[in-house]
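Participant: File name target-v1.cif; file contents mmCIF, C-alpha atoms; full text below.
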```cif
data_work
#
loop_
_atom_site.label_atom_id
_atom_site.label_comp_id
_atom_site.auth_asym_id
_atom_site.auth_seq_id
_atom_site.Cartn_x
_atom_site.Cartn_y
_atom_site.Cartn_z
CA MET X 1 184.20 52.79 29.98
CA VAL X 2 187.81 53.19 31.09
CA ALA X 3 189.02 52.73 34.67
CA GLU X 4 192.32 52.78 36.51
CA THR X 5 193.33 49.13 36.92
CA THR X 6 194.79 49.42 40.42
CA THR X 7 191.90 51.36 41.96
CA GLY X 8 188.89 50.75 39.69
CA ALA X 9 188.16 54.48 39.54
CA LEU X 10 186.18 55.23 36.37
CA LEU X 11 187.87 57.89 34.27
CA ALA X 12 186.18 58.01 30.86
CA ASP X 13 183.09 57.03 28.93
CA VAL X 14 184.10 55.98 25.41
CA THR X 15 181.82 55.94 22.37
CA PRO X 16 182.83 52.95 20.20
CA ARG X 17 182.74 52.93 16.41
CA ASP X 18 180.77 49.69 16.35
CA LEU X 19 179.76 46.84 18.64
CA PRO X 20 182.69 45.80 20.85
CA SER X 21 183.69 42.14 20.86
CA PHE X 22 184.28 40.12 24.02
CA SER X 23 184.31 36.64 25.48
CA ARG X 24 183.97 35.29 29.03
CA LYS X 25 184.49 31.62 29.89
CA ILE X 26 184.86 29.51 32.99
CA THR X 27 188.48 29.40 34.26
CA ASP X 28 189.64 31.48 31.31
CA ARG X 29 191.48 34.76 30.86
CA GLY X 30 188.88 36.17 28.46
CA GLN X 31 189.36 38.88 25.84
CA TRP X 32 187.84 42.06 24.48
CA THR X 33 188.36 44.49 21.57
CA VAL X 34 186.93 47.98 21.12
CA ASN X 35 187.15 50.02 17.91
CA VAL X 36 187.11 53.79 18.39
CA ILE X 37 187.21 56.85 16.13
CA PRO X 38 189.28 59.29 18.23
CA ASP X 39 188.11 62.15 15.96
CA ASP X 40 184.46 61.44 16.82
CA ALA X 41 182.97 64.49 18.52
CA ALA X 42 181.72 62.24 21.34
CA ASN X 43 185.34 61.31 22.12
CA ALA X 44 186.89 64.73 21.57
CA SER X 45 187.71 65.31 25.25
CA LEU X 46 189.48 61.96 25.74
CA ASP X 47 193.25 61.43 25.64
CA PHE X 48 193.53 58.01 24.00
CA HIS X 49 197.32 58.17 24.06
CA ALA X 50 197.05 57.93 27.86
CA LEU X 51 194.02 55.64 28.06
CA THR X 52 195.84 52.95 26.06
CA ASP X 53 198.81 52.67 28.47
CA ALA X 54 199.34 48.90 28.66
CA GLY X 55 198.17 47.48 31.97
CA ARG X 56 197.66 50.86 33.64
CA PHE X 57 194.09 51.24 32.39
CA THR X 58 191.20 48.81 32.22
CA TRP X 59 188.47 49.01 29.59
CA ALA X 60 185.02 47.75 30.56
CA ILE X 61 182.35 46.65 28.08
CA LEU X 62 178.82 47.27 29.32
CA CYS X 63 175.37 46.25 28.17
CA GLY X 64 173.22 48.76 30.01
CA SER X 65 174.53 48.61 33.57
CA VAL X 66 175.83 45.04 33.24
CA VAL X 67 179.61 44.70 32.80
CA VAL X 68 180.12 41.76 30.45
CA GLN X 69 183.92 41.93 30.37
CA ALA X 70 186.57 44.17 31.87
CA GLY X 71 190.31 44.01 32.21
CA PRO X 72 193.61 45.68 31.41
CA THR X 73 194.46 46.82 27.91
CA PHE X 74 197.62 45.28 26.56
CA SER X 75 197.67 46.23 22.87
CA TYR X 76 196.27 48.67 20.33
CA SER X 77 196.64 49.56 16.67
CA TYR X 78 195.74 52.64 14.65
CA ASP X 79 194.62 52.52 11.01
CA GLU X 80 195.16 55.85 9.30
CA GLY X 81 192.95 54.97 6.34
CA THR X 82 189.86 54.44 8.48
CA ARG X 83 191.09 56.67 11.34
CA THR X 84 190.21 53.79 13.68
CA LEU X 85 191.92 52.97 16.95
CA SER X 86 191.50 49.29 17.85
CA VAL X 87 192.14 48.58 21.53
CA SER X 88 192.38 45.03 22.89
CA GLY X 89 192.83 43.42 26.26
CA THR X 90 191.82 40.58 28.54
CA GLY X 91 189.86 39.87 31.67
CA LEU X 92 191.49 40.42 35.05
CA ALA X 93 192.67 36.79 35.15
CA ALA X 94 195.37 37.56 32.58
CA LEU X 95 197.02 39.97 35.01
CA PHE X 96 197.65 36.98 37.29
CA ASP X 97 199.30 35.29 34.31
CA ARG X 98 201.96 38.00 34.64
CA ARG X 99 202.58 37.61 38.36
CA VAL X 100 204.88 35.02 39.93
CA LEU X 101 203.50 33.09 42.91
CA ARG X 102 205.83 33.74 45.84
CA ASN X 103 205.58 34.57 49.52
CA SER X 104 204.47 38.12 50.30
CA LEU X 105 207.47 38.73 52.59
CA PRO X 106 210.14 41.22 51.46
CA TYR X 107 212.15 39.68 48.61
CA THR X 108 215.43 37.89 49.33
CA ALA X 109 216.30 35.42 46.57
CA ILE X 110 213.77 33.35 44.66
CA VAL X 111 215.61 30.11 45.58
CA ASN X 112 215.39 30.92 49.30
CA PRO X 113 212.85 28.80 51.24
CA SER X 114 211.33 32.04 52.55
CA GLU X 115 209.97 32.59 49.02
CA ASP X 116 207.90 29.38 49.12
CA VAL X 117 204.15 29.42 49.74
CA THR X 118 202.59 26.68 51.87
CA ILE X 119 198.82 26.63 52.27
CA SER X 120 197.50 24.14 54.82
CA ASN X 121 194.17 23.06 56.31
CA ARG X 122 192.11 24.51 53.50
CA SER X 123 189.57 23.15 51.05
CA LEU X 124 190.54 23.28 47.38
CA ARG X 125 188.33 26.37 47.15
CA GLY X 126 190.19 27.81 50.10
CA ILE X 127 193.55 27.12 48.48
CA ALA X 128 192.45 28.96 45.31
CA ARG X 129 191.46 31.92 47.45
CA GLU X 130 194.78 31.94 49.33
CA ILE X 131 196.83 31.73 46.13
CA VAL X 132 195.33 35.04 45.05
CA ALA X 133 195.38 36.55 48.54
CA VAL X 134 199.11 35.96 49.04
CA ASN X 135 199.80 37.64 45.70
CA LEU X 136 197.68 40.67 46.53
CA ALA X 137 199.39 40.95 49.94
CA GLN X 138 202.68 42.02 48.34
CA THR X 139 203.46 45.71 48.56
CA GLY X 140 201.83 47.52 45.62
CA TYR X 141 200.13 44.37 44.28
CA ASN X 142 196.62 45.01 45.58
CA LEU X 143 193.70 45.21 43.13
CA PRO X 144 190.00 46.19 43.44
CA LEU X 145 189.09 42.53 43.84
CA ASP X 146 186.67 40.98 46.35
CA LEU X 147 187.79 37.62 47.73
CA PRO X 148 185.47 35.09 49.35
CA ALA X 149 185.90 34.22 53.02
CA PRO X 150 188.69 31.76 53.91
CA GLU X 151 187.50 28.16 53.85
CA SER X 152 189.02 25.45 56.03
CA GLY X 153 189.54 21.86 54.94
CA THR X 154 192.06 19.05 54.79
CA ALA X 155 194.06 19.94 51.67
CA THR X 156 197.61 21.25 51.63
CA ARG X 157 199.71 22.67 48.82
CA THR X 158 203.32 23.88 48.77
CA TYR X 159 204.43 26.11 45.90
CA TYR X 160 208.17 26.62 45.56
CA GLY X 161 209.37 30.07 44.62
CA TYR X 162 212.16 28.67 42.46
CA ASP X 163 209.55 27.21 40.07
CA LEU X 164 208.81 30.82 39.04
CA ALA X 165 205.25 29.71 38.26
CA MET X 166 202.60 32.28 37.52
CA VAL X 167 199.60 32.71 39.81
CA TRP X 168 197.18 31.94 36.98
CA SER X 169 199.07 28.75 36.11
CA ARG X 170 198.74 27.53 39.70
CA LEU X 171 195.02 28.35 39.69
CA GLN X 172 194.56 26.39 36.47
CA ASP X 173 196.48 23.46 37.93
CA LEU X 174 194.26 23.47 41.00
CA ALA X 175 191.13 23.59 38.85
CA GLY X 176 192.40 20.55 36.94
CA VAL X 177 192.45 18.05 39.82
CA ILE X 178 189.43 15.95 40.70
CA GLY X 179 187.09 18.20 42.68
CA GLY X 180 189.11 21.26 41.66
CA PRO X 181 187.09 24.51 41.65
CA GLU X 182 185.98 26.44 38.58
CA LEU X 183 186.87 30.13 38.59
CA ASP X 184 185.57 33.44 37.29
CA PHE X 185 186.61 37.04 37.92
CA TRP X 186 183.26 38.81 37.65
CA PRO X 187 183.43 42.56 36.93
CA TYR X 188 180.76 44.89 38.26
CA LEU X 189 180.02 48.58 38.86
CA VAL X 190 179.84 49.53 42.53
CA PRO X 191 176.33 50.90 43.19
CA GLY X 192 176.38 54.60 44.05
CA GLU X 193 180.09 54.94 43.29
CA ASN X 194 182.01 55.87 40.18
CA ARG X 195 184.03 52.69 40.49
CA LEU X 196 184.63 49.28 38.93
CA ARG X 197 185.49 46.16 40.92
CA TRP X 198 185.82 42.42 40.39
CA GLN X 199 184.59 39.52 42.49
CA MET X 200 186.52 36.26 42.57
CA LEU X 201 183.95 33.50 42.15
CA ILE X 202 185.11 30.02 43.17
CA GLY X 203 182.97 26.97 42.38
CA SER X 204 182.09 24.14 44.78
CA PRO X 205 183.58 22.70 42.60
CA LEU X 206 181.26 23.94 39.82
CA LEU X 207 180.14 27.52 39.35
CA GLY X 208 176.57 28.56 38.78
CA ASP X 209 173.02 27.45 39.54
CA PRO X 210 172.21 23.91 38.29
CA GLN X 211 168.49 24.72 38.54
CA SER X 212 168.51 28.11 36.82
CA ALA X 213 165.03 29.44 36.07
CA ALA X 214 166.13 30.88 32.71
CA VAL X 215 164.46 29.28 29.67
CA TRP X 216 165.09 29.76 25.93
CA ASP X 217 162.99 28.09 23.22
CA TYR X 218 164.30 27.01 19.83
CA THR X 219 163.18 29.20 16.88
CA GLY X 220 162.07 31.78 19.45
CA ALA X 221 164.74 33.57 21.49
CA LEU X 222 167.06 30.61 20.80
CA SER X 223 168.57 30.49 17.31
CA ALA X 224 170.35 27.73 15.39
CA ILE X 225 172.14 25.17 17.56
CA ASP X 226 175.43 23.69 16.38
CA VAL X 227 176.53 20.42 17.99
CA ASP X 228 180.14 19.30 18.32
CA VAL X 229 181.21 15.94 19.74
CA ASN X 230 184.95 15.43 20.24
CA GLY X 231 186.22 11.96 21.07
CA SER X 232 189.89 12.59 20.26
CA ALA X 233 190.89 11.54 23.80
CA SER X 234 187.83 9.41 24.57
CA PRO X 235 186.70 6.93 25.62
CA ALA X 236 189.74 6.55 27.90
CA THR X 237 189.88 3.55 30.24
CA ARG X 238 193.34 4.17 31.77
CA VAL X 239 195.19 7.41 32.51
CA TRP X 240 198.78 8.13 33.48
CA VAL X 241 199.97 11.56 34.61
CA ARG X 242 203.69 12.35 34.46
CA GLY X 243 205.09 14.10 37.53
CA SER X 244 208.50 15.16 38.73
CA GLY X 245 211.58 13.03 38.02
CA SER X 246 212.63 10.88 35.10
CA GLU X 247 212.95 7.25 34.12
CA ARG X 248 212.69 4.91 37.15
CA SER X 249 212.40 7.78 39.61
CA MET X 250 209.52 9.53 37.82
CA LEU X 251 206.39 10.09 39.89
CA THR X 252 203.18 9.11 38.11
CA GLY X 253 199.50 9.40 38.83
CA TYR X 254 197.26 6.57 37.63
CA ALA X 255 193.54 5.94 37.28
CA GLU X 256 191.56 3.15 35.63
CA ASP X 257 187.92 2.35 34.92
CA PRO X 258 187.20 -0.91 33.02
CA THR X 259 183.45 -0.26 32.84
CA LEU X 260 183.54 0.74 29.18
CA VAL X 261 185.47 -2.42 28.24
CA GLY X 262 182.66 -4.48 29.68
CA LEU X 263 180.23 -2.56 27.46
CA GLY X 264 182.14 -3.51 24.31
CA PHE X 265 184.43 -0.48 23.89
CA PRO X 266 188.08 -1.12 23.00
CA PRO X 267 190.37 -0.09 25.89
CA THR X 268 192.37 3.08 25.27
CA ASP X 269 195.02 4.93 27.30
CA TYR X 270 195.64 8.62 27.91
CA VAL X 271 198.93 10.19 29.02
CA ASP X 272 198.93 13.67 30.60
CA GLY X 273 202.32 15.38 30.45
CA ASP X 274 201.28 18.80 31.73
CA HIS X 275 202.30 18.36 35.38
CA THR X 276 205.97 17.38 35.33
CA SER X 277 206.85 19.80 38.16
CA VAL X 278 204.46 18.14 40.66
CA THR X 279 206.24 16.37 43.53
CA GLU X 280 203.21 15.10 45.48
CA LEU X 281 201.79 11.72 44.48
CA ASN X 282 198.32 12.53 45.83
CA THR X 283 198.15 15.60 43.60
CA LEU X 284 199.08 13.51 40.56
CA GLN X 285 196.40 10.99 41.51
CA GLY X 286 193.92 13.86 41.59
CA TYR X 287 194.89 14.89 38.06
CA ALA X 288 194.56 11.30 36.85
CA ALA X 289 191.09 10.94 38.35
CA ALA X 290 190.02 14.26 36.80
CA ASP X 291 191.36 13.23 33.38
CA LEU X 292 189.58 9.89 33.56
CA ALA X 293 186.30 11.61 34.45
CA ALA X 294 186.74 14.17 31.66
CA PHE X 295 187.69 11.69 28.94
CA ARG X 296 185.49 8.74 29.88
CA THR X 297 183.01 9.86 27.23
CA PRO X 298 183.42 12.19 24.24
CA THR X 299 183.01 15.90 24.94
CA GLU X 300 179.71 17.27 23.64
CA THR X 301 179.25 21.02 23.26
CA TRP X 302 176.50 23.16 21.81
CA LYS X 303 176.92 26.59 20.30
CA CYS X 304 173.92 28.84 19.87
CA SER X 305 172.90 32.47 20.08
CA VAL X 306 170.18 33.72 22.41
CA ARG X 307 168.34 37.01 22.71
CA ILE X 308 169.08 38.89 25.92
CA ASP X 309 166.53 41.71 25.76
CA GLY X 310 164.37 40.40 28.62
CA ALA X 311 161.24 40.29 26.44
CA THR X 312 158.15 38.65 27.93
CA GLY X 313 155.20 36.79 26.49
CA ALA X 314 152.05 35.83 28.42
CA GLY X 315 153.74 37.10 31.56
CA VAL X 316 156.78 34.83 31.11
CA GLU X 317 160.29 36.00 30.26
CA VAL X 318 161.05 34.46 26.85
CA SER X 319 164.53 35.94 26.41
CA PRO X 320 166.21 36.11 29.84
CA ALA X 321 168.03 39.40 30.23
CA LEU X 322 171.77 39.70 30.54
CA GLY X 323 172.58 39.85 34.24
CA GLY X 324 169.82 37.39 35.15
CA TRP X 325 172.08 34.40 34.52
CA SER X 326 175.81 33.75 34.82
CA LEU X 327 178.66 31.41 33.93
CA GLY X 328 178.04 27.87 35.16
CA ASP X 329 174.25 28.24 35.29
CA ALA X 330 172.22 25.47 33.70
CA PRO X 331 169.15 27.05 32.02
CA THR X 332 166.55 25.03 30.16
CA PHE X 333 166.62 24.97 26.36
CA GLY X 334 163.40 23.90 24.71
CA VAL X 335 164.11 22.14 21.41
CA SER X 336 161.47 21.23 18.83
CA GLY X 337 162.02 20.55 15.16
CA HIS X 338 165.83 20.60 15.19
CA PRO X 339 167.27 18.45 12.35
CA TRP X 340 169.67 16.60 14.69
CA ILE X 341 168.65 17.07 18.33
CA PRO X 342 165.52 15.13 19.40
CA ASP X 343 162.62 17.22 20.69
CA GLY X 344 162.81 17.84 24.40
CA GLN X 345 163.70 20.10 27.30
CA TYR X 346 167.45 20.16 27.90
CA ARG X 347 169.44 21.62 30.77
CA ARG X 348 172.85 22.75 29.55
CA ARG X 349 175.60 24.51 31.53
CA ILE X 350 176.87 27.84 30.26
CA LEU X 351 180.62 27.40 29.80
CA GLY X 352 181.07 30.79 28.17
CA PHE X 353 179.37 33.63 26.37
CA SER X 354 180.59 36.09 23.77
CA SER X 355 179.44 39.02 21.66
CA LYS X 356 177.17 38.50 18.65
CA ASP X 357 174.99 41.56 18.03
CA GLU X 358 173.22 44.25 20.04
CA ALA X 359 170.29 42.00 20.97
CA SER X 360 171.98 38.64 21.48
CA VAL X 361 175.07 36.78 22.64
CA GLN X 362 176.57 33.45 21.68
CA LEU X 363 176.59 30.70 24.30
CA ASP X 364 178.94 27.73 24.68
CA LEU X 365 177.06 24.91 26.41
CA GLN X 366 177.69 21.42 27.72
CA PRO X 367 175.49 18.76 29.37
CA THR X 368 175.09 19.01 33.13
CA PRO X 369 176.92 16.41 35.25
CA ALA X 370 173.55 14.76 35.91
CA ALA X 371 173.00 14.33 32.16
CA LEU X 372 176.46 12.79 31.75
#
```
Give the structure from this file in structure tokens form.
Facilitator:
Amino acid sequence: MVAETTTGALLADVTPRDLPSFSRKITDRGQWTVNVIPDDAANASLDFHALTDAGRFTWAILCGSVVVQAGPTFSYSYDEGTRTLSVSGTGLAALFDRRVLRNSLPYTAIVNPSEDVTISNRSLRGIAREIVAVNLAQTGYNLPLDLPAPESGTATRTYYGYDLAMVWSRLQDLAGVIGGPELDFWPYLVPGENRLRWQMLIGSPLLGDPQSAAVWDYTGALSAIDVDVNGSASPATRVWVRGSGSERSMLTGYAEDPTLVGLGFPPTDYVDGDHTSVTELNTLQGYAAADLAAFRTPTETWKCSVRIDGATGAGVEVSPALGGWSLGDAPTFGVSGHPWIPDGQYRRRILGFSSKDEASVQLDLQPTPAAL
């Protein structure tokens, strides 16, 4: 379906040539692509020249009534040979990657202190919420987006206008500190209205239900499982994070954990150079602690496809339906007879899901914090 980005009003129902592709991941901009035959009789009444205006219109991919991905269109191509229009875009998060974080007051000059944004007495979740809220508060910048309630706390952040940093970049930075919240912009159809909206989901700090009731069994509704273990930055025993300044005046965050050395691992160091504009030592320390936690052990991920048709067997749902689980949830995956993974019941967090075929999606999974 196609909606107006700024209002969410649904304008058109598009018949695709084939199965659209999409992906949704935690703290990620996401993507989607839809192939359309404009000459198709089902699309005859639609003006695709207008519906592909970059940014102005949002395309939403639905499975039944569940919106799996939705966001502004930014590109398209037309192939004369196949008479196919291929339209591509992102999730709503990418729109915030095109908006500078500044105060919502009338503009003066970006180097003026009045352009700075200071958020005080908030939790990290609350700061994430306020970053988006201050952007939406600018004249003409509002979007059909539901924000959670403000949340008080002890954290403070100051964002200088002269940095010309994008809203999405600041959200990613916040998510990267120890205890930083995971994010998702969840699209949905408003019941009883011809309208699309998004809800900003902010983790505490993780998204999802760690005790999800969803279950998939291997060789049943759960297909082949691919395992990937990446130790390119692990096991790290010391971390430095470069901040603002240079040479002797450079601010640095630092974290260390000698536990692995005592277990016989050779000590290794990790240097994070992604935060050179940070001027607060405590923030750099937060990044260092998060890096140390992330790279203490190699990253293990599973990739698999699962059926999403909601089929039941003996009164039990054997292929949990799309919409009954979400990003961050930790369903149970029953494994028996896999050539690499020992038999057992495994809880794995859903980091992302993407299109596969009409009856299934592909999941990206990682162990729960408890398993780590």
Participant: I'd like the residues picked by the PyMOL selection byres ((chain X and resi 243) around 12) written out as a short mmCIF file (atom, residue, chain, number, x, y, z; two decimals) with C-alpha atoms, in the frame of the given file, using the chain letters and numbers from the file.
Facilitator:
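Output file out-v7.cif is given in full below:
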```
data_model
loop_
_atom_site.label_atom_id
_atom_site.label_comp_id
_atom_site.auth_asym_id
_atom_site.auth_seq_id
_atom_site.Cartn_x
_atom_site.Cartn_y
_atom_site.Cartn_z
CA TRP X 240 198.78 8.13 33.48
CA VAL X 241 199.97 11.56 34.61
CA ARG X 242 203.69 12.35 34.46
CA SER X 244 208.50 15.16 38.73
CA GLY X 245 211.58 13.03 38.02
CA SER X 246 212.63 10.88 35.10
CA GLU X 247 212.95 7.25 34.12
CA ARG X 248 212.69 4.91 37.15
CA SER X 249 212.40 7.78 39.61
CA MET X 250 209.52 9.53 37.82
CA LEU X 251 206.39 10.09 39.89
CA THR X 252 203.18 9.11 38.11
CA GLY X 253 199.50 9.40 38.83
CA TYR X 254 197.26 6.57 37.63
CA VAL X 271 198.93 10.19 29.02
CA ASP X 272 198.93 13.67 30.60
CA GLY X 273 202.32 15.38 30.45
CA ASP X 274 201.28 18.80 31.73
CA HIS X 275 202.30 18.36 35.38
CA THR X 276 205.97 17.38 35.33
CA SER X 277 206.85 19.80 38.16
CA VAL X 278 204.46 18.14 40.66
CA THR X 279 206.24 16.37 43.53
CA GLU X 280 203.21 15.10 45.48
CA LEU X 281 201.79 11.72 44.48
CA ASN X 282 198.32 12.53 45.83
CA THR X 283 198.15 15.60 43.60
CA LEU X 284 199.08 13.51 40.56
CA GLN X 285 196.40 10.99 41.51
CA GLY X 286 193.92 13.86 41.59
CA TYR X 287 194.89 14.89 38.06
CA ALA X 288 194.56 11.30 36.85
#
```
Participant: When distances are computed from only C-alpha atoms, which of X:Pro38, X:Pro187, X:Pro342, X:Gly81 shows the smallest separation from Ala60 in chain X?
Facilitator: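 With only C-alpha atoms as the atom set, the closest residue is X:Pro187.
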Participant: Output the residue selection produced by the PyMOL selection byres ((chain X and resi 51) around 10) on the file above, formatted as a count of residues only.
Facilitator: 20
Participant: Can you list, as a list in words, every protein, DNA or RNA residue that comes within 7 Å of range 255-257 of chain X when you count all atoms listed in the file, leaving out same-chain residues fewer than 4 positions away?
Facilitator: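 Using all atoms listed in the file, the neighbours found are Thr237, Arg238, Val239, Trp240, Ala288, Ala289 and Leu292 of chain X.
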Participant: If you count all atoms listed in the file, which residues fall within 7 Å of Thr332 in chain X, apart from same-chain ones fewer than 3 positions away, as an MDAnalysis selection string?
Facilitator: chainID X and resid 214:216 345:348
Participant: Would you output that residue set with C-alpha atoms, as a PDB file, keeping the file's coordinate frame?
Facilitator:
```
ATOM      1  CA  ALA X 214     166.130  30.880  32.710  1.00  0.00           C
ATOM      2  CA  VAL X 215     164.460  29.280  29.670  1.00  0.00           C
ATOM      3  CA  TRP X 216     165.090  29.760  25.930  1.00  0.00           C
ATOM      4  CA  GLN X 345     163.700  20.100  27.300  1.00  0.00           C
ATOM      5  CA  TYR X 346     167.450  20.160  27.900  1.00  0.00           C
ATOM      6  CA  ARG X 347     169.440  21.620  30.770  1.00  0.00           C
ATOM      7  CA  ARG X 348     172.850  22.750  29.550  1.00  0.00           C
TER       8      ARG X 348
END
```
Participant: Counting all atoms listed in the file, what is within 7 Å of Ile26 in chain X, bar same-chain residues fewer than 3 positions away, as number ranges by chain?
Facilitator: X: 182-184, 327, 351-352
Participant: So, counting all atoms listed in the file, which residue among X:Thr139, X:Gly208, X:Ala311, X:Leu124 is closest to Asp173 in chain X?
Facilitator: X:Leu124
Participant: Determine, counting all atoms listed in the file, which protein, DNA and RNA residues have an atom within 8 Å of an atom of range 153-167 of chain X; residues of the same chain fewer than 2 positions away are not included. Present the result as a count of residues only.
Facilitator: 31
